[in-house]
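Undergrad: Submitted below is the structure of interest, expressed as structure tokens.
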Amino acid sequence: MMKVTILDGYVDEPSRLGVPPFISPYARYIFGAIKAAGHEPEYMTIDHYRQGQKPTGQILFMISGALVPGKYLRTMPMSFKELANIISESSVENYVWYSSRPRETPPGATHIWDCDADAYIFDMLNSGPPDKRRRTAQEWSEWPVLGVDMVKQYQNHPQSIIAELDISYGCPHYITGGCSFCTEPLFGMPVFRSQDAIIAEIKALLKAGCANFRLGGGSCTISYKAKGIGETDRPRPNVVAQKQLFSGISKLPGIQVLHTDNADPAIIASYPDEAEKILQMIANICTSGNLLSMGIESADPAVVEKNNLNSQPEEVLAAIKLINKVGNKRGPTGLPVLLPGLNFLTGLQGETKETFQLNSQFLKNILDSDLLLRRINIRQVAPTRQEYAPTRHKKQFIAFKKFVREEIDSPMLEKVIPAGTLLKNLYTELKIGKIMFARQIGTYPILVGLPQNLEPGIFLDAKVTTHGSRSLTALEYPLDINNCSLSALEELPGIGKKRAARLFHARPINSKDELINALDEPALASQIIPYLKF
Ligand code: SF4
């Protein structure tokens, strides 16, 4: 029997989130495939390695992906430099590196990316040098269940982690070549996992202590088992299949968080009746704070045509309206039940300076309406399909980003999560200076800063006080006015430094009347009482 060490360098793909608190399916599948081949898996993360743990297997199977610009809160994915160092520092017989994209290969390792990593290691252990292939449907049922024990070795197990699950891979848009920049159509015809396989994996993960899940993997949640795949790039949503999937999941006891991934606005706009039924199902069964990210990429019809993008701007708007109709009510977590997110992409063929104006106007119109958006993501085309380079309109790109962050994100966040909203179950993750940063467990969680003396690694509820462009400030709820820090008092609405000092010195304050007496402006009491306990 051979021992294989899996080193999880954290994959951060839009449809396979794998940076803590997310556990991507890759490592679980590989863990299961090694067991299915009759060998012994050992699992460690790049953080275990950074802390001094060494791989003890004969094969070291490393997984990583592209680094997404921006900050990570809990940890950083493995860099290419770290990968090269691990290879030079370790004394393992055989190194394999799986990355989610083609990249240069570090010396001493076999690099794979154009196949399923789990199928590769299974074949390697079974029959020597493997063909690069996709896993079969049966393997996709068995290996994830065999691999669930891996989650017990993940840091912060079990409370604050969320398992990413595949419901499919590939994109229905492949039939027309797909969007010009995207590699997903290269997989060919989309393949869907059976409802039973997905439900069985969740059941096994629940048994292993994992209670939070995100259904990802595919290009469109609404298109799961849609009718007409392979004949049209706009297949009809399959309400029956979705019902079997979501009602099956809803019968499993112990799920705390269930969220979804992407949606294709063209499918929603083309089949509003079926889409509305499925959206309603998602809204009813999943946890509030859920998000359907949609790729508009560009609001410029000429760019849409030139790059074979899947939706025209008016279709994206129709999808935004339908998701809002179903999901914009506030749910138990404090967030609206289900909202759309938008992805923009710059550097596309045919892009002009006017493209950025059209993008800005599209967002401004949404902001000025009663529609809500949870997240706007702006990226530049990655050169995975050769003909692309970063945008030629750098100045306009920078101005567009600034406009979105300052003039759209912040007022939109105030609409989505107004001051005074009670956010449930925030998990405290990192303290910087006097601020503890926390997030809810779920898809693309909002970052919340708490100016309080709090321990990391605890769950708490908090009420929102102020808004940044993509983050919030909040106070633990209820705030103990007699024992909280001065900075927490300062954060109460309308208080500020001077009044906070006044309240601080007036403590103990044991009633509303005593609070009114302690304030120079008694009317302020009604503003701050909803945050307090005496
Ligand atoms: S619709 Fe999405 S997944 Fe499909 S080709 Fe376009 S970008 Fe890729």
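We label chains A, B, ... in the order they appear in the structure tokens, count residues from 1 in each chain, and number ligands from 1 in the order shown.
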What parts of range 332-479 of chain A does DSSP call alpha helix (DSSP H)? I'd like the answer as a PyMOL selection string.

TA: chain A and resi 353-368+394-403+410-416

Undergrad: Tell me, as a list in words, which residues lie within 6 Å of range 116-120 of chain A, counting only C-alpha atoms; anything in the same chain fewer than 4 positions away does not count.

TA: Tyr29, Ile30, Ala33, Arg134 and Arg135 of chain A

Undergrad: Please provide the set of residues having any atom within 9 Å of Gly178 in chain A, restricted to only C-alpha atoms, with same-chain residues fewer than 4 positions apart removed, written as a VMD selection string.

TA: chain A and resid 171 to 174 182 to 186 233 307 to 310

Undergrad: Please build the interface table for range 283-361 of chain A against range 258-264 of chain A with a cut-off of 6 Å, listing for each qualifying residue the nearest atom pair and the distance in Å to one decimal; count only C-alpha atoms, order rows by chain and increasing number, and write it as JSON lines.

TA:
```
{"residue": "A:Cys286", "atom": "CA", "partner": "A:Leu258", "partner_atom": "CA", "distance": 5.0}
{"residue": "A:Thr287", "atom": "CA", "partner": "A:Leu258", "partner_atom": "CA", "distance": 5.4}
{"residue": "A:Asn290", "atom": "CA", "partner": "A:His259", "partner_atom": "CA", "distance": 5.4}
{"residue": "A:Leu292", "atom": "CA", "partner": "A:Asn262", "partner_atom": "CA", "distance": 5.0}
{"residue": "A:Ser293", "atom": "CA", "partner": "A:Asn262", "partner_atom": "CA", "distance": 4.6}
{"residue": "A:Met294", "atom": "CA", "partner": "A:Ala263", "partner_atom": "CA", "distance": 5.3}
```

Undergrad: List the spatial neighbours of range 457-472 of chain A as a VMD selection string - criterion: any atom at most 8 Å away, only C-alpha atoms, same-chain residues fewer than 3 positions off excluded.

TA: chain A and resid 405 to 406 409 to 411 413 to 414 417 to 429 446 to 449 475 to 478 491 to 493 531

Undergrad: Could you pull out the residues in range 260-375 of chain A that DSSP calls strand (DSSP E or B) from the backbone, as a PyMOL selection string?

TA: chain A and resi 260+262+290-297+330+336+338-346+375

Undergrad: Can I get the selected residues back with C-alpha atoms, as a compact mmCIF listing (two decimals), in the first residue's frame?

TA:
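Below is the file that was written, result-v2.txt:
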```txt
# COMPACT_ATOMS: atom_id res chain seq x y z
CA THR A 260 -25.92 28.50 -4.40
CA ASN A 262 -23.92 31.28 -10.49
CA ASN A 290 -27.95 33.74 -0.74
CA LEU A 291 -26.56 35.15 -3.97
CA LEU A 292 -26.81 34.27 -7.66
CA SER A 293 -23.79 35.74 -9.43
CA MET A 294 -24.45 36.59 -13.06
CA GLY A 295 -21.95 37.43 -15.74
CA ILE A 296 -23.07 40.52 -17.58
CA GLU A 297 -19.39 41.13 -18.47
CA ARG A 330 -35.09 40.11 4.60
CA PRO A 336 -32.26 39.60 2.00
CA LEU A 338 -31.74 35.87 -2.41
CA LEU A 339 -30.18 38.64 -4.47
CA PRO A 340 -28.31 38.90 -7.76
CA GLY A 341 -24.63 39.75 -8.10
CA LEU A 342 -22.99 41.03 -11.28
CA ASN A 343 -19.63 40.27 -12.86
CA PHE A 344 -18.05 42.75 -15.28
CA LEU A 345 -15.06 41.96 -17.43
CA THR A 346 -12.76 44.42 -19.16
CA ARG A 375 -22.08 42.20 -5.17
```

Undergrad: Just to confirm, what's the straight-line distance from CA of Lys3 in chain A to CA of Leu60 in chain A in Å (one decimal)?

TA: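 The value is 9.1 Å.
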
Undergrad: For a quick check of understanding, using only C-alpha atoms and all ligand atoms, which of A:Leu317, A:Ile175, A:Ile516, A:Leu279 has the smallest distance to ligand 1?

TA: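 Using only C-alpha atoms and all ligand atoms, ligand 1 sits closest to A:Ile175.
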
Undergrad: Give me, as an mmCIF file with C-alpha atoms, in the first residue's frame, all polymer residues having an atom no more than 10 Å from Glu354 in chain A, counting only C-alpha atoms and skipping those fewer than 6 positions away in the same chain.

TA:
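Result file part_4.cif:
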```cif
data_model
loop_
_atom_site.group_PDB
_atom_site.id
_atom_site.type_symbol
_atom_site.label_atom_id
_atom_site.label_comp_id
_atom_site.auth_asym_id
_atom_site.auth_seq_id
_atom_site.Cartn_x
_atom_site.Cartn_y
_atom_site.Cartn_z
ATOM 1 C CA ASP A 300 -22.182 47.386 -24.416
ATOM 2 C CA SER A 360 -21.644 52.865 -15.482
ATOM 3 C CA GLN A 396 -11.329 54.386 -18.203
#
```

Undergrad: For CA of Cys179 in chain A and atom 4 (Fe, counted along the ligand's line) of ligand 1, quote the distance in Å rounded to one decimal.

TA: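 Separation of CA of Cys179 in chain A and atom 4 (Fe, counted along the ligand's line) of ligand 1: 6.1 Å.
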